[in-house]
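Below is one structure, written out as structure tokens, with a few remarks after it.
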Amino acid sequence: MKSDKDWGDELAWHCAACDRPLELGQVTVTYMNNSFTTDMPRCPGCGRVLVPEALALGKMAEVEKILEDK
Amino acid sequence: MDQNELRQWERRCIQEEPPACAAACPIHVDVRSFVGHLQKGRWDQGWQTLARTMPLAGLVGRICDGPCEARCKRGEAGDPIRIAALEQACVRLARSEYRVTRLPGRPKWIAVLGSGLSSLTVAWDLVRKGYGVTLFEPGDVPGAVLCDAHPVLTPAIVAAELASLRTLGVAFETGTAVHGQAFFEDRRDRFDAFYIGLDAVASLQWPLDRGARGEFWIDTGTQATSRPEVFAGGDVLSTIWRVAQGRWAATSIDRFLQNVSMTAGREREGPYDTLLYTSLTNVVAQPAVPMADAKAGYSESEAMAEAARCLICQCLECVKVCPYLENFGAYPRKYVREIYNNESIVMGSRSANLLINSCSLCGLCEAVCPEDFAMQDLCLQARRSMVQRGKMPPTAHEFALEDMAFSLGEDFFLARHAPGMGESSHLFFPGCQLSASAPGQVEALYAHLNHALGGRVGLMLACCGAPAFWAGREADFDRALAQWQHHWEALGKPKLIVACATCHVVFQDHRPEVPVQSVWETLAEVGLPPIDTASAAGPLAIHDPCTTREMPHVQVAVRRLLDQLGVSIAELPFSGEKTECCGFGGLMQNANPVLAREVIRRRADLSGYDYVAYCAMCRDSLAAVGKRTLHLLDLIFPDRRIPDPATRPRPGWSARREHRARLRTDLLDRWWGETPSGGPDYRALVLKMAPDVRERLDARHILVEDVQQVIARAEAGGPKFRHPGTGRFKAAGRPRHVTFWVEYAQCEAGFEVFNAYAHRMEVHGP
């Protein structure tokens with residue numbers, strides 16, 4: 001799992017509603033009846049998750065393809 | 001696909017058929033591989049290839065008379081490859097080591113008479129199968145008959161080969177009188193089968209049925225005689241045929257001793273005609289390489305030069321012309337198997353999904369295949385099956401299907417009689433992509449058609465359903481066509497005029513009762529409007545859309561129009577019935593954008609001339625890779641505001657939708673005097689985007705409308721994130737099956753968009 005440092009600028013974002021910087025936290029990801037947990041930047045207040053671009057276009061796209069071909 | 005269908009499909013692809021030489025060889029030596037090794041001077045591998053099929057290759061390889069040469073494909077372009085001479089050179093130049101194994105011993109004994117080629121072959125084949133073999137030579141020296149007949153075979157060469165037989169366990173008895181009936185009667189108890197090598201022994205007094213001239217009755221092929229345990233052969237002049245008859249006899253003896261069918265599965269044992277097709281296009285005739293010393297045979301360099309003339313016969317006609325088939329590294333016969341396995345898989349990854357979904361369904365493979373193998377039929381069938389079983393990856397076609405839904409929806413759909421008319425003689429159906437690419441030309445074309453055809457030309461803006469058809473979604477396709485048909489009937493079933501070849505094929509194939517004509521044919525009949533600008537000066541290369549492959553009348557009409565326009569035309573190497581797809585067909589562009597780009601790049605590189613296309617999607621695809629391409633309508637309805645229409649960029653996906661929607665509202669306004677109600681509020685949001693951002697979003701299939709929805713929701717109090725350093729916002733929205741993330745900031749005009757990306761997975765907090 002990535003350390004805080006690897007997330008770089010992604011943790012600099014603030015939740016606009018709670019005005020709090022994001023922290024890494026466990027989230028649930030689901031796709032095509034598959035579900036797993038991982039860490040992503042999220043608001044410590046309301047729990048809203050920010051999906052970073054590198055993750056969406058990298059690992060997530062990769063897993064999406066694997067699940068679609070299953 | 002069941003196993004039966006699989007085999008039917010496999011049979012249609014002939015790439016794995018043997019080349020003519022191997023098929024003509026009585027023992028089917030893999031001549032192509034053999035010569036292939038010699039091309040590279042790999043003598044040892046050449047020898048191993050020979051020895052895999054040829055018994056006692058060190059001996060037979062020196063005297064094979066090469067009947068295969070008469071069938072060599074190279075012989076149709078110069079001299080046939082001198083295969084027999086290459087065998088001799090290889091045997092001489094290679095380190096000839098037999099790597100033979102013997103199967104576990106079987107308690108059956110075979111008596112082989114004579115030491116000619118057929119007898120030695122029987123002994124070689126049967127001893128390796130584990131049988132006990134005794135070779136009876138009436139003379140004093142086994143193999144002496146070979147030395148006598150073939151001066152090239154020295155006693156030392158023959159002795160060495162016979163030593164290999166001995167090592168394998170063959171027993172030799174010399175000086176035995178085999179002619180009399182007594183030999184047979186005395187040994188019937190000791191031996192389970194007999195082989196009579198008629199190339200070395202003759203005039204036997206054995207109790208066997210004979211023909212009119214006193215020769216044994218032999219069933220050529222099985223080499224059986226009238227006694228079930230006695231086999232015979234070798235009574236032919238050709239050396240390799242003697243070997244072959246020995247081989248067939250050995251197979252029969254093995255089957256006889258195992259008490260299995262003598263004939264099953266032996267159809268292709270002797271020479272046969274191969275189905276393999278090998279094109280000789282661009283093959284320059286070459287004579288055989290001469291030998292400096294005919295007695296010594298080919299030297300190393302001579303043999304390599306002679307081998308280099310070999311065409312290494314293959315078919316691959318389809319793979320040669322199709323980047324898609326080439327891209328997946330094999331050929332249709334292999335792809336059929338992969339697709340079959342893909343369908344049969346229960347657990348694990350369906351690795352052929354991309355293969356199935358990348359085909360443009362253009363049908364060029366079928367047009368060039370000697371056996372009419374239609375990869376497009378195979379892929380479409382597989383897609384339908386995937387859809388039915390719920391195994392179609394959602395990403396493969398979703399974006400195109402959403403685009404289709406847009407074109408069938410309220411933003412674009414329109415079906416009207418001409419203004420003020422209560423009936424229609426014709427119905428103009430421009431299709432979704434011309435409307436997306438050049439809405440102004442659609443209106444101009446409609447105006448001209450309506451005028452030229454008497455003022456009762458109705459108009460329908462919609463999609464023909466082709467994307468659903470290509471995606472294998474039969475129900476969606478049927479729905480699209482049903483919607484079309486409902487409105488066509490309501491308009492009084494007018495004659496249909498289509499501007500898109502794909503629509504044309506769809507209506508022709510799926511609504512055969514509908515009278516349909518290409519707009520190019522109509523224009524060729526009714527004439528062009530007066531044109532007030534000079535036509536393009538230089539010759540233009542015509543790009544025929546792949547969907548006109550089987551519509552030569554449309555291709556002819558287009559050429560007639562270009563002639564009327566005074567345009568000199570150049571034909572591309574692949575045109576007419578052999579034209580190539582632009583990469584959009586079959587939704588290749590959706591399922592495999594990288595390949596689609598390669599396809600269109602190759603197409604664009606075929607000619608240095610500017611192209612002229614008559615399919616909006618083809619034109620835009622060519623334009624997208626920087627190829628100067630006109631649409632035929634650019635010549636018929638020149639727009640003075642666009643000085644060089646060949647460089648008009650391909651409108652992005654968002655622009656395509658906007659163009660369609662605007663075409664509808666403009667037409668309603670200008671022709672029917674109606675003001676349609678506005679769309680959703682978020683469409684009023686003004687976005688500012690740098691060109692590179694716009695391009696990136698287009699490549700990611702993120703529409704302006706998607707971005708507008710996300711920002712509208714975030715700005716209406718929805719969740720968003722703020723970056724304290726840049727002051728920008730980031731927000732997400734999931735209007736359908738995709739989550740869109742947009743990074744933006746407020747600006748004077750509205751909102752500046754810096755980036756957007758998407759993912760399909762759903763993410764939730766803990």
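By convention in this document, the chains of the structure tokens carry letters A, B, ... by their order, each chain's residues are numbered from 1, and ligands are numbered from 1 in the order they are shown.
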Produce a table with one row for each residue of chain B that has an atom at most 7 Å from any atom of chain A, each row naming the nearest atom pair and its distance in Å at one decimal; use only C-alpha atoms; arrange rows by chain and rising residue number; format as JSON lines.
{"residue": "B:Gly348", "atom": "CA", "partner": "A:Lys70", "partner_atom": "CA", "distance": 5.7}
{"residue": "B:Ser349", "atom": "CA", "partner": "A:Lys70", "partner_atom": "CA", "distance": 4.7}
{"residue": "B:Arg350", "atom": "CA", "partner": "A:Asp69", "partner_atom": "CA", "distance": 5.1}
{"residue": "B:Ser351", "atom": "CA", "partner": "A:Asp69", "partner_atom": "CA", "distance": 7.0}
{"residue": "B:Asn353", "atom": "CA", "partner": "A:Asp69", "partner_atom": "CA", "distance": 6.9}
{"residue": "B:Pro393", "atom": "CA", "partner": "A:Glu68", "partner_atom": "CA", "distance": 4.9}
{"residue": "B:Pro719", "atom": "CA", "partner": "A:Ala17", "partner_atom": "CA", "distance": 6.9}
{"residue": "B:Lys720", "atom": "CA", "partner": "A:Ala16", "partner_atom": "CA", "distance": 5.6}
{"residue": "B:Phe721", "atom": "CA", "partner": "A:Cys15", "partner_atom": "CA", "distance": 4.6}
{"residue": "B:Arg722", "atom": "CA", "partner": "A:His14", "partner_atom": "CA", "distance": 5.1}
{"residue": "B:His723", "atom": "CA", "partner": "A:Trp13", "partner_atom": "CA", "distance": 4.6}
{"residue": "B:Pro724", "atom": "CA", "partner": "A:Trp13", "partner_atom": "CA", "distance": 6.9}
{"residue": "B:Tyr757", "atom": "CA", "partner": "A:Glu53", "partner_atom": "CA", "distance": 6.5}
{"residue": "B:Ala758", "atom": "CA", "partner": "A:Ala56", "partner_atom": "CA", "distance": 6.6}
{"residue": "B:His759", "atom": "CA", "partner": "A:Ala56", "partner_atom": "CA", "distance": 5.5}
{"residue": "B:Met761", "atom": "CA", "partner": "A:Tyr31", "partner_atom": "CA", "distance": 5.0}
{"residue": "B:Glu762", "atom": "CA", "partner": "A:Thr30", "partner_atom": "CA", "distance": 5.2}
{"residue": "B:Val763", "atom": "CA", "partner": "A:Val29", "partner_atom": "CA", "distance": 4.5}
{"residue": "B:His764", "atom": "CA", "partner": "A:Thr28", "partner_atom": "CA", "distance": 5.2}
{"residue": "B:Gly765", "atom": "CA", "partner": "A:Val27", "partner_atom": "CA", "distance": 4.7}
{"residue": "B:Pro766", "atom": "CA", "partner": "A:Val27", "partner_atom": "CA", "distance": 5.0}
Please produce a file of the residues just selected, as a PDB file, in the first residue's frame, where the atoms kept are C-alpha atoms.
ATOM      1  CA  GLY B 348     -10.709 -17.423 -15.581  1.00  0.00           C
ATOM      2  CA  SER B 349      -9.985 -14.684 -18.039  1.00  0.00           C
ATOM      3  CA  ARG B 350     -11.689 -14.466 -21.420  1.00  0.00           C
ATOM      4  CA  SER B 351      -8.575 -13.460 -23.245  1.00  0.00           C
ATOM      5  CA  ASN B 353     -12.645 -10.561 -25.840  1.00  0.00           C
ATOM      6  CA  PRO B 393     -17.431  -6.175 -21.389  1.00  0.00           C
ATOM      7  CA  PRO B 719     -19.969  17.816  -2.859  1.00  0.00           C
ATOM      8  CA  LYS B 720     -16.654  19.108  -4.150  1.00  0.00           C
ATOM      9  CA  PHE B 721     -13.045  19.429  -3.149  1.00  0.00           C
ATOM     10  CA  ARG B 722     -10.934  22.556  -3.123  1.00  0.00           C
ATOM     11  CA  HIS B 723      -7.204  22.853  -3.602  1.00  0.00           C
ATOM     12  CA  PRO B 724      -5.899  25.597  -1.296  1.00  0.00           C
ATOM     13  CA  TYR B 757     -11.064  11.769 -16.100  1.00  0.00           C
ATOM     14  CA  ALA B 758     -13.365   8.854 -15.551  1.00  0.00           C
ATOM     15  CA  HIS B 759     -13.620   5.443 -13.966  1.00  0.00           C
ATOM     16  CA  MET B 761     -15.831   1.372 -10.542  1.00  0.00           C
ATOM     17  CA  GLU B 762     -17.996   2.711  -7.774  1.00  0.00           C
ATOM     18  CA  VAL B 763     -16.160   4.000  -4.725  1.00  0.00           C
ATOM     19  CA  HIS B 764     -17.773   4.340  -1.320  1.00  0.00           C
ATOM     20  CA  GLY B 765     -16.551   5.468   2.038  1.00  0.00           C
ATOM     21  CA  PRO B 766     -16.215   2.873   4.752  1.00  0.00           C
TER      22      PRO B 766
END
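The set of residues in region 193-313 of chain B assigned to alpha helix (DSSP H) by DSSP, using only backbone atoms of this structure, is Thr239, Ile240, Trp241, Arg242, Val243, Ala244, Gln245, Gly246, Arg247, Trp248, Ala249, Ala250, Thr251, Ser252, Ile253, Asp254, Arg255, Phe256, Leu257, Gln258, Glu300, Ser301, Glu302, Ala303, Met304, Ala305, Glu306, Ala307 and Ala308 of chain B.
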For the selection you just gave me, I'd like the residues written to a file as a short mmCIF file (atom, residue, chain, number, x, y, z; two decimals), in the first residue's frame, keeping C-alpha atoms.
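As a result, part_19.cif now contains:
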data_model
loop_
_atom_site.label_atom_id
_atom_site.label_comp_id
_atom_site.auth_asym_id
_atom_site.auth_seq_id
_atom_site.Cartn_x
_atom_site.Cartn_y
_atom_site.Cartn_z
CA THR B 239 13.07 -44.58 -54.76
CA ILE B 240 10.85 -42.49 -52.50
CA TRP B 241 7.79 -44.45 -53.64
CA ARG B 242 9.56 -47.66 -52.57
CA VAL B 243 10.13 -46.07 -49.19
CA ALA B 244 6.49 -44.99 -49.09
CA GLN B 245 5.17 -48.46 -49.85
CA GLY B 246 7.38 -49.86 -47.11
CA ARG B 247 5.99 -47.26 -44.73
CA TRP B 248 2.39 -48.04 -45.62
CA ALA B 249 3.08 -51.76 -45.24
CA ALA B 250 4.60 -51.14 -41.78
CA THR B 251 1.51 -49.16 -40.75
CA SER B 252 -0.70 -52.00 -41.99
CA ILE B 253 1.35 -54.65 -40.19
CA ASP B 254 1.11 -52.64 -36.96
CA ARG B 255 -2.66 -52.31 -37.38
CA PHE B 256 -3.01 -55.99 -38.31
CA LEU B 257 -1.12 -57.04 -35.20
CA GLN B 258 -3.17 -54.73 -33.01
CA GLU B 300 27.21 -24.90 -49.06
CA SER B 301 26.76 -21.49 -50.65
CA GLU B 302 25.02 -22.93 -53.69
CA ALA B 303 22.60 -24.89 -51.52
CA MET B 304 21.79 -21.79 -49.47
CA ALA B 305 21.22 -19.76 -52.62
CA GLU B 306 18.97 -22.43 -54.08
CA ALA B 307 17.03 -22.73 -50.81
CA ALA B 308 16.66 -18.96 -50.74
#
(Q) Which residues are close to Glu215 (chain B), i.e. within 10 Å by only C-alpha atoms, leaving aside same-chain residues fewer than 4 positions away? Reply as JSON, numbers by chain. (A) {"B": [202, 203, 204, 208, 209, 210, 211]}
Would you output that residue set with C-alpha atoms, as a short mmCIF file (atom, residue, chain, number, x, y, z; two decimals), in the first residue's frame?
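Contents of the output file result25.cif:
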data_model
loop_
_atom_site.label_atom_id
_atom_site.label_comp_id
_atom_site.auth_asym_id
_atom_site.auth_seq_id
_atom_site.Cartn_x
_atom_site.Cartn_y
_atom_site.Cartn_z
CA ALA B 202 11.29 -61.60 -56.69
CA SER B 203 9.89 -64.81 -58.13
CA LEU B 204 8.65 -66.10 -54.81
CA LEU B 208 -0.52 -66.09 -52.59
CA ASP B 209 -3.15 -65.06 -55.13
CA ARG B 210 -1.65 -63.71 -58.31
CA GLY B 211 -2.70 -61.60 -61.27
#
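Separating CA of Arg99 (chain B) from CA of Phe172 (chain B) is a distance of 22.0 Å.
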Within 8 Å of region 675-691 of chain B, counting only C-alpha atoms, which residues show up once you throw out same-chain ones fewer than 2 positions away? Write them as a PyMOL selection string, please.
chain B and resi 665+668-669+673+693-695+705+708-709+712+749-754
Can you write just those residues out, N, CA and C atoms, as a PDB file, in the first residue's frame?
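Output contents, as saved in part.pdb:
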ATOM      1  N   THR B 665     -32.531  21.756 -34.557  1.00  0.00           N
ATOM      2  CA  THR B 665     -33.206  23.010 -34.194  1.00  0.00           C
ATOM      3  C   THR B 665     -33.182  24.007 -35.356  1.00  0.00           C
ATOM      4  N   LEU B 668     -35.771  22.858 -37.922  1.00  0.00           N
ATOM      5  CA  LEU B 668     -37.128  23.115 -37.426  1.00  0.00           C
ATOM      6  C   LEU B 668     -37.463  24.598 -37.538  1.00  0.00           C
ATOM      7  N   ASP B 669     -36.476  25.409 -37.193  1.00  0.00           N
ATOM      8  CA  ASP B 669     -36.660  26.851 -37.227  1.00  0.00           C
ATOM      9  C   ASP B 669     -36.804  27.355 -38.666  1.00  0.00           C
ATOM     10  N   GLY B 673     -40.540  26.478 -39.269  1.00  0.00           N
ATOM     11  CA  GLY B 673     -40.940  27.615 -38.459  1.00  0.00           C
ATOM     12  C   GLY B 673     -41.294  27.263 -37.026  1.00  0.00           C
ATOM     13  N   VAL B 693      -6.728  20.331 -23.519  1.00  0.00           N
ATOM     14  CA  VAL B 693      -7.691  19.743 -22.568  1.00  0.00           C
ATOM     15  C   VAL B 693      -8.887  19.178 -23.335  1.00  0.00           C
ATOM     16  N   ARG B 694      -9.351  19.948 -24.306  1.00  0.00           N
ATOM     17  CA  ARG B 694     -10.492  19.502 -25.113  1.00  0.00           C
ATOM     18  C   ARG B 694     -10.158  18.177 -25.815  1.00  0.00           C
ATOM     19  N   GLU B 695      -8.964  18.105 -26.371  1.00  0.00           N
ATOM     20  CA  GLU B 695      -8.538  16.881 -27.066  1.00  0.00           C
ATOM     21  C   GLU B 695      -8.444  15.700 -26.108  1.00  0.00           C
ATOM     22  N   GLU B 705     -21.023  17.851 -22.227  1.00  0.00           N
ATOM     23  CA  GLU B 705     -22.259  17.724 -21.461  1.00  0.00           C
ATOM     24  C   GLU B 705     -22.023  16.996 -20.124  1.00  0.00           C
ATOM     25  N   GLN B 708     -20.447  19.560 -17.925  1.00  0.00           N
ATOM     26  CA  GLN B 708     -21.445  20.551 -17.494  1.00  0.00           C
ATOM     27  C   GLN B 708     -22.302  20.004 -16.350  1.00  0.00           C
ATOM     28  N   GLN B 709     -22.676  18.747 -16.478  1.00  0.00           N
ATOM     29  CA  GLN B 709     -23.526  18.155 -15.432  1.00  0.00           C
ATOM     30  C   GLN B 709     -22.803  18.110 -14.090  1.00  0.00           C
ATOM     31  N   ALA B 712     -22.422  21.702 -12.742  1.00  0.00           N
ATOM     32  CA  ALA B 712     -23.720  22.252 -12.324  1.00  0.00           C
ATOM     33  C   ALA B 712     -24.132  21.680 -10.966  1.00  0.00           C
ATOM     34  N   ALA B 749     -16.246  34.122 -17.894  1.00  0.00           N
ATOM     35  CA  ALA B 749     -17.350  33.701 -18.761  1.00  0.00           C
ATOM     36  C   ALA B 749     -18.195  32.615 -18.124  1.00  0.00           C
ATOM     37  N   GLY B 750     -17.586  31.835 -17.275  1.00  0.00           N
ATOM     38  CA  GLY B 750     -18.296  30.698 -16.677  1.00  0.00           C
ATOM     39  C   GLY B 750     -17.330  29.860 -15.849  1.00  0.00           C
ATOM     40  N   PHE B 751     -16.892  28.751 -16.429  1.00  0.00           N
ATOM     41  CA  PHE B 751     -15.952  27.883 -15.708  1.00  0.00           C
ATOM     42  C   PHE B 751     -14.831  27.449 -16.640  1.00  0.00           C
ATOM     43  N   GLU B 752     -13.614  27.502 -16.129  1.00  0.00           N
ATOM     44  CA  GLU B 752     -12.499  26.973 -16.907  1.00  0.00           C
ATOM     45  C   GLU B 752     -12.240  25.541 -16.449  1.00  0.00           C
ATOM     46  N   VAL B 753     -12.170  24.650 -17.414  1.00  0.00           N
ATOM     47  CA  VAL B 753     -11.937  23.225 -17.106  1.00  0.00           C
ATOM     48  C   VAL B 753     -10.470  22.917 -17.380  1.00  0.00           C
ATOM     49  N   PHE B 754      -9.806  22.348 -16.364  1.00  0.00           N
ATOM     50  CA  PHE B 754      -8.379  22.048 -16.509  1.00  0.00           C
ATOM     51  C   PHE B 754      -8.125  20.574 -16.806  1.00  0.00           C
TER      52      PHE B 754
END
*asked:* Show me, as a list in words, the residues that have an atom within 10 Å of Ser33 (chain B) when counting only C-alpha atoms, minus same-chain residues fewer than 2 positions from it.
replied: Ala22, Val29, Asp30, Val31, Val35, Gly36, His37, Leu38, Gln39, Gln45, Gly46, Thr49, Leu50 and Ile312 of chain B
Let's have the selection written as a compact mmCIF listing (two decimals), in the first residue's frame, with N, CA and C atoms.
# COMPACT_ATOMS: atom_id res chain seq x y z
N ALA B 22 5.14 -30.80 -49.70
CA ALA B 22 4.94 -31.81 -48.64
C ALA B 22 3.74 -32.69 -48.95
N VAL B 29 7.44 -35.51 -46.23
CA VAL B 29 8.53 -34.81 -45.54
C VAL B 29 8.12 -33.34 -45.43
N ASP B 30 8.44 -32.72 -44.30
CA ASP B 30 8.12 -31.30 -44.10
C ASP B 30 9.13 -30.47 -44.89
N VAL B 31 8.92 -30.45 -46.18
CA VAL B 31 9.90 -29.84 -47.09
C VAL B 31 10.08 -28.35 -46.80
N VAL B 35 13.69 -26.82 -46.15
CA VAL B 35 14.33 -25.81 -47.00
C VAL B 35 14.53 -24.52 -46.21
N GLY B 36 13.59 -24.23 -45.31
CA GLY B 36 13.71 -23.04 -44.47
C GLY B 36 15.00 -23.06 -43.65
N HIS B 37 15.35 -24.22 -43.10
CA HIS B 37 16.61 -24.34 -42.36
C HIS B 37 17.79 -24.14 -43.29
N LEU B 38 17.71 -24.69 -44.48
CA LEU B 38 18.83 -24.59 -45.42
C LEU B 38 19.05 -23.15 -45.89
N GLN B 39 17.94 -22.39 -45.92
CA GLN B 39 18.09 -20.97 -46.30
C GLN B 39 19.07 -20.28 -45.37
N GLN B 45 19.79 -28.82 -38.38
CA GLN B 45 18.34 -28.76 -38.20
C GLN B 45 17.61 -29.28 -39.43
N GLY B 46 18.20 -28.99 -40.59
CA GLY B 46 17.63 -29.49 -41.85
C GLY B 46 17.62 -31.02 -41.84
N THR B 49 14.97 -32.35 -39.52
CA THR B 49 13.64 -32.23 -40.12
C THR B 49 13.41 -33.38 -41.10
N LEU B 50 14.45 -33.63 -41.89
CA LEU B 50 14.36 -34.73 -42.87
C LEU B 50 14.16 -36.06 -42.14
N ILE B 312 8.60 -20.50 -49.29
CA ILE B 312 8.05 -20.87 -47.97
C ILE B 312 6.52 -20.69 -48.02
Residues of region 16-186 of chain B classed as strand (DSSP E) by DSSP on the backbone are to be reported as number ranges by chain.
B: 109-113, 132-137, 171-174
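For the residues B:Leu378, B:Pro287, B:Val91, B:Ala160, ranking by smallest atom-to-atom distance to Pro332 (chain B) using only C-alpha atoms places B:Leu378 first.
Counting only C-alpha atoms, the residue from B:Cys362, B:Ala716, B:Leu595, B:Met617 that sits nearest to Thr547 (chain B) is B:Cys362.
Counting only C-alpha atoms, the residue from B:Thr167, B:Asn327, B:Asn259, B:Ser279 that sits nearest to Arg128 (chain B) is B:Thr167.
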